[in-house]
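Containing TSV, C-alpha atoms and all ligand atoms: structure-v4.tsv.
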chain	number	residue	atom	x	y	z
I	1	MET	CA	0.00	0.00	0.00
I	2	THR	CA	1.19	3.54	-0.71
I	3	LYS	CA	2.73	5.17	2.35
I	4	CYS	CA	1.66	8.66	3.36
I	5	ALA	CA	4.07	11.37	4.51
I	6	LEU	CA	2.64	14.44	6.19
I	7	VAL	CA	4.98	17.41	5.79
I	8	THR	CA	4.31	20.65	7.68
I	9	GLY	CA	5.85	23.82	6.28
I	10	SER	CA	5.74	22.08	2.91
I	11	CYS	CA	6.25	25.31	0.95
I	12	GLY	CA	9.35	26.32	2.87
I	13	LEU	CA	12.93	25.40	2.10
I	14	ILE	CA	13.11	22.09	3.94
I	15	GLY	CA	9.45	21.13	3.67
I	16	SER	CA	9.42	21.51	-0.12
I	17	GLU	CA	12.63	19.56	-0.60
I	18	VAL	CA	11.34	16.82	1.68
I	19	ALA	CA	7.95	16.74	-0.10
I	20	VAL	CA	9.60	16.25	-3.50
I	21	PHE	CA	12.11	13.73	-2.14
I	22	PHE	CA	9.49	11.52	-0.46
I	23	ALA	CA	7.18	11.74	-3.47
I	24	HIS	CA	10.09	10.32	-5.52
I	25	GLN	CA	10.36	7.51	-2.98
I	26	GLY	CA	6.73	6.61	-3.75
I	27	PHE	CA	5.01	8.32	-0.80
I	28	GLN	CA	1.72	10.14	-1.09
I	29	VAL	CA	2.49	13.60	0.26
I	30	VAL	CA	0.12	15.72	2.34
I	31	GLY	CA	1.56	19.22	2.71
I	32	VAL	CA	0.49	21.65	5.43
I	33	ASP	CA	1.45	25.28	4.96
I	34	SER	CA	-0.47	28.45	5.81
I	35	ASN	CA	2.09	30.70	4.05
I	36	HIS	CA	2.96	32.33	7.35
I	37	ARG	CA	6.39	33.06	5.94
I	38	ALA	CA	4.71	35.97	4.15
I	39	VAL	CA	3.23	37.09	7.48
I	40	PHE	CA	6.65	36.99	9.14
I	41	PHE	CA	8.72	38.53	6.33
I	42	GLY	CA	6.30	40.30	3.99
I	43	PRO	CA	5.93	39.69	0.25
I	44	GLU	CA	9.60	38.67	-0.15
I	45	GLY	CA	8.95	35.66	2.08
I	46	ASP	CA	5.84	34.57	0.17
I	47	THR	CA	6.00	30.88	-0.70
I	48	GLY	CA	2.93	30.82	-2.93
I	49	TRP	CA	5.19	30.07	-5.92
I	50	MET	CA	6.32	26.87	-4.22
I	51	ARG	CA	2.79	25.71	-3.51
I	52	GLU	CA	1.98	26.05	-7.22
I	53	ARG	CA	5.16	24.18	-8.08
I	54	LEU	CA	4.39	21.30	-5.71
I	55	GLN	CA	0.85	21.02	-7.04
I	56	ARG	CA	2.20	20.97	-10.59
I	57	ASP	CA	5.17	18.64	-10.07
I	58	ILE	CA	4.06	16.08	-7.46
I	59	PRO	CA	1.36	13.71	-8.70
I	60	GLY	CA	-1.41	13.45	-6.10
I	61	TYR	CA	0.07	16.17	-3.88
I	62	ARG	CA	-2.55	17.30	-1.38
I	63	HIS	CA	-2.19	20.76	0.11
I	64	GLU	CA	-3.84	21.86	3.34
I	65	ALA	CA	-3.47	25.56	4.15
I	66	ILE	CA	-3.88	24.81	7.85
I	67	ASP	CA	-2.27	26.98	10.51
I	68	ILE	CA	-0.63	24.53	12.93
I	69	ARG	CA	-1.79	26.76	15.81
I	70	ASP	CA	-5.32	25.57	14.99
I	71	ARG	CA	-5.51	22.53	17.28
I	72	GLU	CA	-8.84	21.17	16.05
I	73	ARG	CA	-7.89	21.29	12.39
I	74	VAL	CA	-4.52	19.66	13.07
I	75	LEU	CA	-6.15	16.84	15.06
I	76	ALA	CA	-8.83	16.33	12.40
I	77	LEU	CA	-6.28	16.18	9.58
I	78	VAL	CA	-4.00	13.65	11.29
I	79	LYS	CA	-7.01	11.57	12.33
I	80	GLU	CA	-8.20	11.39	8.75
I	81	ALA	CA	-4.83	11.05	6.94
I	82	ARG	CA	-3.16	8.72	9.50
I	83	PRO	CA	0.28	9.38	8.01
I	84	ASP	CA	3.02	6.75	8.13
I	85	LEU	CA	5.58	9.50	8.65
I	86	ILE	CA	5.38	13.07	9.96
I	87	ILE	CA	8.07	15.59	9.09
I	88	HIS	CA	7.46	18.77	11.02
I	89	CYS	CA	9.15	21.72	9.32
I	90	ALA	CA	6.62	24.54	9.85
I	91	ALA	CA	8.08	27.27	12.01
I	92	GLN	CA	8.73	30.89	12.66
I	93	PRO	CA	12.36	30.40	11.66
I	94	SER	CA	14.06	33.72	12.37
I	95	HIS	CA	16.29	34.39	15.35
I	96	ASP	CA	16.05	38.16	14.85
I	97	LYS	CA	12.35	38.40	14.02
I	98	ALA	CA	11.11	36.52	17.09
I	99	ALA	CA	11.67	39.34	19.60
I	100	ALA	CA	9.19	41.53	17.71
I	101	ILE	CA	6.50	38.80	17.63
I	102	PRO	CA	7.03	36.69	20.78
I	103	PHE	CA	3.45	35.41	21.09
I	104	LEU	CA	3.24	34.37	17.45
I	105	ASP	CA	6.75	32.88	17.56
I	106	PHE	CA	5.98	30.75	20.64
I	107	GLU	CA	2.54	29.72	19.45
I	108	VAL	CA	3.91	28.46	16.14
I	109	ASN	CA	7.18	26.92	17.34
I	110	ALA	CA	6.21	25.49	20.72
I	111	LEU	CA	2.43	25.14	20.79
I	112	GLY	CA	2.20	24.16	17.10
I	113	THR	CA	4.77	21.42	17.74
I	114	LEU	CA	2.74	20.14	20.69
I	115	HIS	CA	-0.35	20.02	18.47
I	116	MET	CA	1.53	17.92	15.93
I	117	LEU	CA	2.93	15.58	18.60
I	118	GLU	CA	-0.37	15.04	20.35
I	119	ALA	CA	-2.13	14.42	17.04
I	120	ALA	CA	0.56	11.82	16.24
I	121	ARG	CA	0.21	10.17	19.66
I	122	ARG	CA	-3.57	9.88	19.30
I	123	PHE	CA	-3.79	8.71	15.71
I	124	CYS	CA	-0.45	7.32	14.47
I	125	PRO	CA	1.89	6.71	17.44
I	126	GLU	CA	3.95	4.15	15.52
I	127	SER	CA	4.79	6.58	12.72
I	128	PRO	CA	8.24	8.18	12.84
I	129	PHE	CA	8.02	11.86	13.82
I	130	VAL	CA	10.87	14.09	12.68
I	131	TYR	CA	11.16	17.61	14.08
I	132	MET	CA	13.35	20.25	12.46
I	133	SER	CA	15.07	21.75	15.46
I	134	THR	CA	18.00	24.16	15.31
I	135	ASN	CA	21.51	24.73	16.60
I	136	LYS	CA	20.10	27.83	18.33
I	137	VAL	CA	18.95	25.44	21.10
I	138	TYR	CA	22.57	25.63	22.28
I	139	GLY	CA	22.09	29.36	22.72
I	140	ASP	CA	25.29	31.38	22.73
I	141	ARG	CA	27.13	28.75	24.77
I	142	PRO	CA	29.29	27.76	21.75
I	143	ASN	CA	30.75	31.28	22.08
I	144	THR	CA	32.34	30.26	25.39
I	145	ILE	CA	34.65	27.78	23.61
I	146	PRO	CA	38.14	29.29	23.23
I	147	LEU	CA	38.66	30.50	19.67
I	148	LYS	CA	41.60	31.45	17.52
I	149	GLU	CA	41.41	34.13	14.87
I	150	LEU	CA	42.61	33.08	11.42
I	151	ASP	CA	42.91	35.33	8.35
I	152	THR	CA	39.36	34.80	7.15
I	153	ARG	CA	37.59	32.96	9.98
I	154	TRP	CA	37.29	32.12	13.63
I	155	GLU	CA	38.23	28.55	14.57
I	156	TYR	CA	37.86	26.47	17.76
I	157	ASP	CA	40.99	26.54	19.86
I	158	ASP	CA	40.06	23.53	21.99
I	159	PRO	CA	40.87	20.03	20.75
I	160	ALA	CA	37.60	18.73	22.29
I	161	PHE	CA	35.74	20.52	19.46
I	162	THR	CA	37.97	19.62	16.51
I	163	ASP	CA	35.00	17.82	14.94
I	164	GLY	CA	32.50	20.49	15.95
I	165	ILE	CA	29.63	20.73	18.44
I	166	PRO	CA	28.28	17.35	19.64
I	167	GLU	CA	24.72	16.56	20.75
I	168	ASP	CA	25.59	16.39	24.45
I	169	PHE	CA	26.66	20.04	24.47
I	170	SER	CA	24.56	21.83	27.10
I	171	ILE	CA	21.42	23.64	25.98
I	172	ASP	CA	21.02	25.18	29.44
I	173	GLN	CA	21.86	28.58	30.93
I	174	SER	CA	22.82	30.56	27.89
I	175	LYS	CA	21.22	33.25	25.75
I	176	HIS	CA	19.07	31.61	23.08
I	177	SER	CA	17.08	34.51	21.63
I	178	ILE	CA	13.30	34.31	21.85
I	179	PHE	CA	13.35	32.07	18.77
I	180	GLY	CA	15.95	29.71	20.28
I	181	ALA	CA	13.89	29.41	23.45
I	182	SER	CA	10.66	28.56	21.60
I	183	LYS	CA	12.57	25.97	19.56
I	184	VAL	CA	14.02	24.50	22.77
I	185	ALA	CA	10.45	24.08	24.03
I	186	GLY	CA	9.55	22.18	20.86
I	187	ASP	CA	12.79	20.16	20.92
I	188	VAL	CA	12.36	19.04	24.55
I	189	MET	CA	8.70	18.18	23.95
I	190	VAL	CA	9.62	16.05	20.91
I	191	GLN	CA	12.21	14.22	23.03
I	192	GLU	CA	9.63	13.79	25.79
I	193	TYR	CA	7.04	12.21	23.50
I	194	GLY	CA	9.81	9.82	22.48
I	195	ARG	CA	10.84	8.96	26.04
I	196	TYR	CA	7.52	9.17	27.88
I	197	PHE	CA	5.30	7.60	25.22
I	198	ASN	CA	8.04	5.59	23.51
I	199	MET	CA	7.27	7.14	20.14
I	200	PRO	CA	9.84	7.11	17.31
I	201	THR	CA	10.71	10.81	17.46
I	202	CYS	CA	13.85	12.67	16.56
I	203	CYS	CA	15.06	16.26	16.67
I	204	LEU	CA	17.36	17.43	13.92
I	205	ARG	CA	19.32	20.39	15.21
I	206	GLY	CA	20.09	22.12	11.97
I	207	GLY	CA	23.07	24.26	11.13
I	208	CYS	CA	22.52	26.50	8.10
I	209	LEU	CA	20.10	24.60	5.91
I	210	THR	CA	20.14	25.85	2.39
I	211	GLY	CA	19.51	25.19	-1.26
I	212	PRO	CA	18.09	26.68	-4.43
I	213	ASN	CA	14.49	26.62	-3.19
I	214	HIS	CA	15.01	29.01	-0.31
I	215	SER	CA	13.14	32.33	-0.33
I	216	GLY	CA	16.08	33.88	1.55
I	217	VAL	CA	15.50	37.22	3.27
I	218	GLU	CA	17.85	39.32	5.38
I	219	LEU	CA	16.46	37.93	8.62
I	220	HIS	CA	16.54	34.28	7.57
I	221	GLY	CA	18.39	32.19	5.02
I	222	PHE	CA	22.06	33.15	5.25
I	223	LEU	CA	23.54	31.78	2.01
I	224	SER	CA	20.39	32.22	-0.05
I	225	TYR	CA	20.13	35.89	0.89
I	226	LEU	CA	23.88	36.52	0.55
I	227	ILE	CA	23.96	35.07	-2.97
I	228	LYS	CA	20.74	36.90	-3.90
I	229	CYS	CA	22.44	40.18	-2.92
I	230	ASN	CA	25.42	39.26	-5.09
I	231	VAL	CA	23.24	38.40	-8.11
I	232	GLU	CA	21.21	41.62	-7.71
I	233	GLY	CA	24.29	43.76	-7.04
I	234	LYS	CA	22.74	44.78	-3.73
I	235	GLY	CA	24.80	45.54	-0.59
I	236	TYR	CA	25.01	42.86	2.10
I	237	GLN	CA	25.33	44.01	5.68
I	238	VAL	CA	27.75	42.18	7.97
I	239	TYR	CA	27.02	42.33	11.70
I	240	GLY	CA	30.12	42.14	13.89
I	241	TYR	CA	32.80	39.49	14.51
I	242	LYS	CA	34.84	41.02	11.62
I	243	GLY	CA	32.79	38.99	9.14
I	244	LYS	CA	34.74	35.93	10.25
I	245	GLN	CA	31.80	34.18	11.91
I	246	VAL	CA	31.56	30.57	10.76
I	247	ARG	CA	28.42	28.62	9.79
I	248	ASP	CA	28.10	25.07	8.51
I	249	ASN	CA	25.91	24.68	5.47
I	250	ILE	CA	23.96	21.68	4.35
I	251	HIS	CA	21.92	21.24	1.19
I	252	ALA	CA	18.24	20.62	1.91
I	253	GLU	CA	18.35	17.41	-0.11
I	254	ASP	CA	21.00	16.00	2.23
I	255	VAL	CA	18.59	16.77	5.08
I	256	ALA	CA	15.83	14.88	3.23
I	257	ARG	CA	18.20	11.96	2.64
I	258	PHE	CA	18.94	11.79	6.36
I	259	ILE	CA	15.23	11.76	7.20
I	260	PHE	CA	14.80	8.86	4.79
I	261	GLU	CA	17.47	6.88	6.64
I	262	PHE	CA	15.69	7.63	9.95
I	263	TRP	CA	12.40	6.49	8.45
I	264	LYS	CA	13.98	3.16	7.44
I	265	ALA	CA	15.42	2.54	10.93
I	266	PRO	CA	13.68	4.85	13.42
I	267	ARG	CA	14.75	5.24	17.04
I	268	ALA	CA	12.96	6.87	19.97
I	269	ALA	CA	13.75	10.29	21.44
I	270	GLU	CA	16.87	10.84	19.37
I	271	VAL	CA	18.72	14.09	18.79
I	272	TYR	CA	21.11	14.74	15.91
I	273	ASN	CA	23.15	17.77	14.98
I	274	LEU	CA	22.62	18.07	11.27
I	275	GLY	CA	24.63	20.66	9.42
I	276	GLY	CA	27.33	20.62	6.82
I	277	GLY	CA	29.99	19.81	9.40
I	278	LYS	CA	33.50	21.16	9.28
I	279	GLU	CA	33.95	20.37	5.57
I	280	ASN	CA	30.96	22.51	4.55
I	281	SER	CA	31.67	25.37	6.91
I	282	CYS	CA	32.58	28.89	5.82
I	283	SER	CA	32.82	32.35	7.29
I	284	ILE	CA	30.92	35.28	5.80
I	285	LEU	CA	34.14	36.63	4.26
I	286	GLU	CA	34.79	33.21	2.71
I	287	ALA	CA	31.19	33.06	1.49
I	288	PHE	CA	31.67	36.40	-0.30
I	289	ARG	CA	34.60	34.97	-2.22
I	290	MET	CA	32.71	31.82	-3.13
I	291	ALA	CA	29.69	33.82	-4.27
I	292	GLU	CA	31.94	35.89	-6.50
I	293	ASP	CA	33.46	32.70	-7.94
I	294	ALA	CA	30.00	31.27	-8.58
I	295	THR	CA	28.53	34.33	-10.31
I	296	GLY	CA	31.54	36.26	-11.59
I	297	ARG	CA	30.07	39.39	-9.97
I	298	PRO	CA	31.67	41.46	-7.21
I	299	MET	CA	30.14	41.28	-3.75
I	300	LYS	CA	29.04	44.61	-2.31
I	301	TRP	CA	28.95	44.74	1.45
I	302	ARG	CA	29.30	46.96	4.43
I	303	TYR	CA	30.24	46.31	8.01
I	304	VAL	CA	28.43	47.21	11.20
I	305	ASP	CA	30.57	46.71	14.27
I	306	GLU	CA	27.77	45.19	16.31
I	307	ASN	CA	26.95	41.50	16.28
I	308	ARG	CA	23.44	40.09	16.24
I	309	ILE	CA	22.26	39.23	19.77
I	310	GLY	CA	23.33	35.68	20.67
I	311	ASP	CA	24.86	35.08	17.23
I	312	HIS	CA	27.35	32.22	17.06
I	313	ILE	CA	30.96	33.25	16.41
I	314	CYS	CA	31.92	29.80	15.22
I	315	TYR	CA	29.53	26.91	14.82
I	316	TYR	CA	29.83	23.67	12.96
I	317	SER	CA	28.12	20.39	13.71
I	318	ASP	CA	29.92	17.30	14.89
I	319	LEU	CA	28.47	14.74	12.47
I	320	ARG	CA	30.00	11.66	14.10
I	321	LYS	CA	26.85	10.48	15.90
I	322	THR	CA	24.71	11.04	12.81
I	323	LYS	CA	27.08	8.97	10.69
I	324	ALA	CA	27.54	6.28	13.35
I	325	HIS	CA	23.77	5.70	13.68
I	326	TYR	CA	23.14	5.94	9.94
I	327	PRO	CA	26.31	4.87	8.11
I	328	ALA	CA	24.59	4.96	4.71
I	329	TRP	CA	24.19	8.73	5.09
I	330	ASP	CA	26.80	11.35	4.28
I	331	ILE	CA	26.99	14.88	2.89
I	332	THR	CA	26.72	14.65	-0.91
I	333	ARG	CA	26.80	18.35	-1.84
I	334	PRO	CA	30.05	20.24	-1.24
I	335	LEU	CA	29.94	24.01	-0.72
I	336	SER	CA	31.07	24.79	-4.26
I	337	SER	CA	28.09	23.07	-5.84
I	338	ILE	CA	25.68	24.53	-3.26
I	339	PHE	CA	26.86	28.04	-4.25
I	340	LEU	CA	26.45	27.30	-7.95
I	341	GLU	CA	22.95	25.87	-7.51
I	342	ILE	CA	21.75	28.83	-5.46
I	343	ALA	CA	23.31	31.36	-7.85
I	344	THR	CA	21.67	29.70	-10.87
I	345	SER	CA	18.32	29.56	-9.11
I	346	TRP	CA	18.38	33.25	-8.12
I	347	THR	CA	19.45	34.30	-11.60
I	348	GLU	CA	16.48	32.44	-13.08
I	349	ARG	CA	13.98	33.45	-10.40
I	350	LEU	CA	14.93	37.13	-10.50
I	351	ALA	CA	14.68	37.14	-14.30
I	352	ALA	CA	11.22	35.54	-14.07
I	353	ARG	CA	10.34	37.74	-11.05
I	354	VAL	CA	9.67	34.60	-8.97
I	355	LEU	CA	11.03	35.87	-5.66
X	401	LIG	N1	16.95	27.29	7.13
X	401	LIG	C1	17.83	27.15	8.11
X	401	LIG	O1	18.96	27.58	8.00
X	401	LIG	C2	17.44	26.41	9.37
X	401	LIG	C3	18.45	26.15	10.29
X	401	LIG	C4	18.14	25.43	11.42
X	401	LIG	C5	16.86	24.98	11.64
X	401	LIG	N2	15.89	25.24	10.73
X	401	LIG	C6	14.53	24.76	11.02
X	401	LIG	O2	14.06	24.00	9.94
X	401	LIG	C7	12.66	24.20	9.79
X	401	LIG	C8	12.34	24.61	8.38
X	401	LIG	O3	13.04	25.82	8.10
X	401	LIG	P1	12.98	26.47	6.66
X	401	LIG	O4	14.29	27.12	6.43
X	401	LIG	O5	12.45	25.50	5.67
X	401	LIG	O6	11.91	27.61	6.95
X	401	LIG	P2	10.89	28.26	5.92
X	401	LIG	O7	10.45	29.54	6.53
X	401	LIG	O8	11.48	28.28	4.55
X	401	LIG	O9	9.68	27.22	5.93
X	401	LIG	C9	8.74	27.13	6.99
X	401	LIG	C10	7.37	27.03	6.36
X	401	LIG	O10	6.42	26.88	7.42
X	401	LIG	C11	5.28	27.63	7.10
X	401	LIG	N3	4.61	28.00	8.34
X	401	LIG	C12	5.04	28.89	9.26
X	401	LIG	N4	4.16	28.99	10.25
X	401	LIG	C13	3.15	28.14	9.96
X	401	LIG	C14	1.94	27.82	10.62
X	401	LIG	N5	1.60	28.43	11.76
X	401	LIG	N6	1.14	26.88	10.08
X	401	LIG	C15	1.49	26.29	8.90
X	401	LIG	N7	2.61	26.59	8.21
X	401	LIG	C16	3.43	27.51	8.75
X	401	LIG	C17	5.81	28.85	6.36
X	401	LIG	O11	4.83	29.47	5.54
X	401	LIG	C18	6.96	28.28	5.57
X	401	LIG	O12	6.59	27.92	4.25
X	401	LIG	C19	12.24	25.19	10.87
X	401	LIG	O13	11.77	24.51	11.98
X	401	LIG	C20	13.53	25.88	11.21
X	401	LIG	O14	13.55	26.37	12.55
X	401	LIG	C21	16.15	25.95	9.60
Whole structure given in structure tokens:
Amino acid sequence: MTKCALVTGSCGLIGSEVAVFFAHQGFQVVGVDSNHRAVFFGPEGDTGWMRERLQRDIPGYRHEAIDIRDRERVLALVKEARPDLIIHCAAQPSHDKAAAIPFLDFEVNALGTLHMLEAARRFCPESPFVYMSTNKVYGDRPNTIPLKELDTRWEYDDPAFTDGIPEDFSIDQSKHSIFGASKVAGDVMVQEYGRYFNMPTCCLRGGCLTGPNHSGVELHGFLSYLIKCNVEGKGYQVYGYKGKQVRDNIHAEDVARFIFEFWKAPRAAEVYNLGGGKENSCSILEAFRMAEDATGRPMKWRYVDENRIGDHICYYSDLRKTKAHYPAWDITRPLSSIFLEIATSWTERLAARVL
């Protein structure tokens, strides 16, 4: 019988990639997306173009424009669809935006996640439940690791973190941002449904998730927005840390491939740091150079000597646990091809005015 995957946030970066990926694996896909990205970020964040694309490209794709804050509609949908897999990607995703909309941020990220979990417990408790968490659950604690300053980036100066930040790094007693705190609430609740109810749940604590389908805006979508600025010849603003702050970048399809491995061999209450790891890490200054290489256009930027609140100075995921539990999984997209894909996509979308 055809398996059903329910994907929340299906018109966003990760949700759309996951929807297409699982459709290719033979799943019937039910997408839930209320286009709140346009509410959070205005017209530039509108994902209506993606909804049309999913409806055009995925045979049998079913779209439900349900707001995950709407408990009754969430429960009714899961009761009726009884999905074999739930991939929960809907979120208010911006660190910086959350402080201006704390009620909405918490209701979507924490309460919306509880709605999804409880619906799963009532109607499909055996189905793997994957939650897109974030490295912001570690708050600014990674900034307490001793660092060394290199020419173009900050780097850990403690051998314990040579491979990056592991999953047992403390999420407690640090500054998370309002967004990080609402994601912690969701993350802990997903773990709890795994432990308390023995459900096959996992939290994927993402680094910088990226790819050509991102509707990157200044407040969310680092590489997508940076490359969009380059393609448009628009200035990019760097906030603090000399532009040497390091992020690890992972292509959304590699995220989808990991979720597929988890689906094949689910575990309960697991947590994985899922980013590009050390190999796919770059600083903003290094990203400028790579964007220039990808497009042949100069990067325009200016510097503000004030970092974003709670921003990581250097973060890359330790992928050893992820690879140990799922040896068939690895990063398949190096940074160079990620840059090229995003640059090509923006060039085409800007020409067609699909923003
Ligand atoms: N992109 C990254 O760099 C990154 C990094 C770490 C973690 N994450 C996490 O991954 C997940 C997906 O992120 P993304 O980059 O795809 O974000 P995105 O903004 O591109 O996609 C989220 C989607 O959820 C939808 N949505 C928001 N609120 C909703 C609601 N109340 N009801 C229904 N739909 C709603 C939005 O319209 C949007 O299409 C999020 O949980 C985010 O916190 C992302």
Might I get the box with edges along x, y and z of the file that holds all atoms of range 290-301 of chain I listed there, padded by 6 Å on every side, given as centre and edge lengths in Å to one decimal, as AutoDock Vina command-line options?
--center_x 31.0 --center_y 38.0 --center_z -5.1 --size_x 16.9 --size_y 25.5 --size_z 25.0
Determine, for each residue of chain I having at least one atom at most 8 Å from an atom of ligand LIG 401 (chain X), the closest pair of atoms and their separation in Å to one decimal, counting all atoms listed in the file; order by chain and ascending number, as JSON lines.
{"residue": "I:Thr8", "atom": "CA", "partner": "X:LIG401", "partner_atom": "N7", "distance": 6.2}
{"residue": "I:Gly9", "atom": "CA", "partner": "X:LIG401", "partner_atom": "O10", "distance": 3.3}
{"residue": "I:Ser10", "atom": "CA", "partner": "X:LIG401", "partner_atom": "O12", "distance": 6.1}
{"residue": "I:Cys11", "atom": "CA", "partner": "X:LIG401", "partner_atom": "O12", "distance": 4.2}
{"residue": "I:Gly12", "atom": "CA", "partner": "X:LIG401", "partner_atom": "O9", "distance": 3.2}
{"residue": "I:Leu13", "atom": "CA", "partner": "X:LIG401", "partner_atom": "O5", "distance": 3.6}
{"residue": "I:Ile14", "atom": "CA", "partner": "X:LIG401", "partner_atom": "O5", "distance": 3.9}
{"residue": "I:Gly15", "atom": "CA", "partner": "X:LIG401", "partner_atom": "O5", "distance": 5.7}
{"residue": "I:Ser16", "atom": "CA", "partner": "X:LIG401", "partner_atom": "O5", "distance": 7.7}
{"residue": "I:Val32", "atom": "CA", "partner": "X:LIG401", "partner_atom": "C15", "distance": 5.9}
{"residue": "I:Asp33", "atom": "CA", "partner": "X:LIG401", "partner_atom": "N7", "distance": 3.7}
{"residue": "I:Ser34", "atom": "CA", "partner": "X:LIG401", "partner_atom": "C15", "distance": 4.2}
{"residue": "I:Asn35", "atom": "CA", "partner": "X:LIG401", "partner_atom": "O11", "distance": 3.4}
{"residue": "I:His36", "atom": "CA", "partner": "X:LIG401", "partner_atom": "O11", "distance": 3.9}
{"residue": "I:Arg37", "atom": "CA", "partner": "X:LIG401", "partner_atom": "O11", "distance": 3.9}
{"residue": "I:Ala38", "atom": "CA", "partner": "X:LIG401", "partner_atom": "O11", "distance": 6.6}
{"residue": "I:Gly45", "atom": "CA", "partner": "X:LIG401", "partner_atom": "O7", "distance": 7.7}
{"residue": "I:Asp46", "atom": "CA", "partner": "X:LIG401", "partner_atom": "O11", "distance": 7.5}
{"residue": "I:Thr47", "atom": "CA", "partner": "X:LIG401", "partner_atom": "O12", "distance": 5.8}
{"residue": "I:Ala65", "atom": "CA", "partner": "X:LIG401", "partner_atom": "C15", "distance": 6.9}
{"residue": "I:Ile66", "atom": "CA", "partner": "X:LIG401", "partner_atom": "C15", "distance": 5.7}
{"residue": "I:Asp67", "atom": "CA", "partner": "X:LIG401", "partner_atom": "N6", "distance": 3.4}
{"residue": "I:Ile68", "atom": "CA", "partner": "X:LIG401", "partner_atom": "N6", "distance": 4.1}
{"residue": "I:Arg69", "atom": "CA", "partner": "X:LIG401", "partner_atom": "N5", "distance": 5.5}
{"residue": "I:His88", "atom": "CA", "partner": "X:LIG401", "partner_atom": "O13", "distance": 7.2}
{"residue": "I:Cys89", "atom": "CA", "partner": "X:LIG401", "partner_atom": "C7", "distance": 4.3}
{"residue": "I:Ala90", "atom": "CA", "partner": "X:LIG401", "partner_atom": "O10", "distance": 3.4}
{"residue": "I:Ala91", "atom": "CA", "partner": "X:LIG401", "partner_atom": "C12", "distance": 4.4}
{"residue": "I:Gln92", "atom": "CA", "partner": "X:LIG401", "partner_atom": "C12", "distance": 5.4}
{"residue": "I:Pro93", "atom": "CA", "partner": "X:LIG401", "partner_atom": "O14", "distance": 4.3}
{"residue": "I:Ser94", "atom": "CA", "partner": "X:LIG401", "partner_atom": "O14", "distance": 7.4}
{"residue": "I:Glu107", "atom": "CA", "partner": "X:LIG401", "partner_atom": "N5", "distance": 7.9}
{"residue": "I:Val108", "atom": "CA", "partner": "X:LIG401", "partner_atom": "N5", "distance": 5.0}
{"residue": "I:Asn109", "atom": "CA", "partner": "X:LIG401", "partner_atom": "O13", "distance": 7.5}
{"residue": "I:Gly112", "atom": "CA", "partner": "X:LIG401", "partner_atom": "N5", "distance": 6.9}
{"residue": "I:Tyr131", "atom": "CA", "partner": "X:LIG401", "partner_atom": "O13", "distance": 7.2}
{"residue": "I:Met132", "atom": "CA", "partner": "X:LIG401", "partner_atom": "O13", "distance": 4.6}
{"residue": "I:Ser133", "atom": "CA", "partner": "X:LIG401", "partner_atom": "C5", "distance": 5.3}
{"residue": "I:Thr134", "atom": "CA", "partner": "X:LIG401", "partner_atom": "C5", "distance": 3.9}
{"residue": "I:Asn135", "atom": "CA", "partner": "X:LIG401", "partner_atom": "C4", "distance": 6.2}
{"residue": "I:Lys136", "atom": "CA", "partner": "X:LIG401", "partner_atom": "C4", "distance": 7.6}
{"residue": "I:Lys183", "atom": "CA", "partner": "X:LIG401", "partner_atom": "O14", "distance": 7.1}
{"residue": "I:Leu204", "atom": "CA", "partner": "X:LIG401", "partner_atom": "C5", "distance": 7.9}
{"residue": "I:Arg205", "atom": "CA", "partner": "X:LIG401", "partner_atom": "C5", "distance": 6.3}
{"residue": "I:Gly206", "atom": "CA", "partner": "X:LIG401", "partner_atom": "C4", "distance": 3.9}
{"residue": "I:Gly207", "atom": "CA", "partner": "X:LIG401", "partner_atom": "C3", "distance": 5.1}
{"residue": "I:Cys208", "atom": "CA", "partner": "X:LIG401", "partner_atom": "O1", "distance": 3.7}
{"residue": "I:Leu209", "atom": "CA", "partner": "X:LIG401", "partner_atom": "O1", "distance": 3.8}
{"residue": "I:Thr210", "atom": "CA", "partner": "X:LIG401", "partner_atom": "N1", "distance": 5.9}
{"residue": "I:His214", "atom": "CA", "partner": "X:LIG401", "partner_atom": "O8", "distance": 6.1}
{"residue": "I:Ser215", "atom": "CA", "partner": "X:LIG401", "partner_atom": "O8", "distance": 6.6}
{"residue": "I:Gly216", "atom": "CA", "partner": "X:LIG401", "partner_atom": "O8", "distance": 7.8}
{"residue": "I:His220", "atom": "CA", "partner": "X:LIG401", "partner_atom": "N1", "distance": 7.0}
{"residue": "I:Gly221", "atom": "CA", "partner": "X:LIG401", "partner_atom": "O1", "distance": 5.5}
{"residue": "I:Phe222", "atom": "CA", "partner": "X:LIG401", "partner_atom": "O1", "distance": 6.9}
{"residue": "I:Asn249", "atom": "CA", "partner": "X:LIG401", "partner_atom": "O1", "distance": 7.9}
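The shortest atom-to-atom distance to Trp301 in chain I, with all atoms listed in the file taken into account, belongs to I:Tyr239 out of I:Tyr239, I:Phe22, I:Phe169, I:Phe129.
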When you draw a straight line from CA of Glu348 in chain I to CA of Glu253 in chain I, how long is it in Å? 19.9 Å
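Take the candidates I:Glu17, I:Ala81, I:Pro43, I:Arg247 and check each one against Lys3 in chain I using only C-alpha atoms; the shortest distance goes to I:Ala81.
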Rows by chain and residue number, range 105-162 of chain I within 12 Å of range 318-329 of chain I, shortest pair, only C-alpha atoms, as JSON lines:
{"residue": "I:Asn135", "atom": "CA", "partner": "I:Asp318", "partner_atom": "CA", "distance": 11.4}
{"residue": "I:Ala160", "atom": "CA", "partner": "I:Asp318", "partner_atom": "CA", "distance": 10.8}
{"residue": "I:Phe161", "atom": "CA", "partner": "I:Asp318", "partner_atom": "CA", "distance": 8.1}
{"residue": "I:Thr162", "atom": "CA", "partner": "I:Asp318", "partner_atom": "CA", "distance": 8.5}
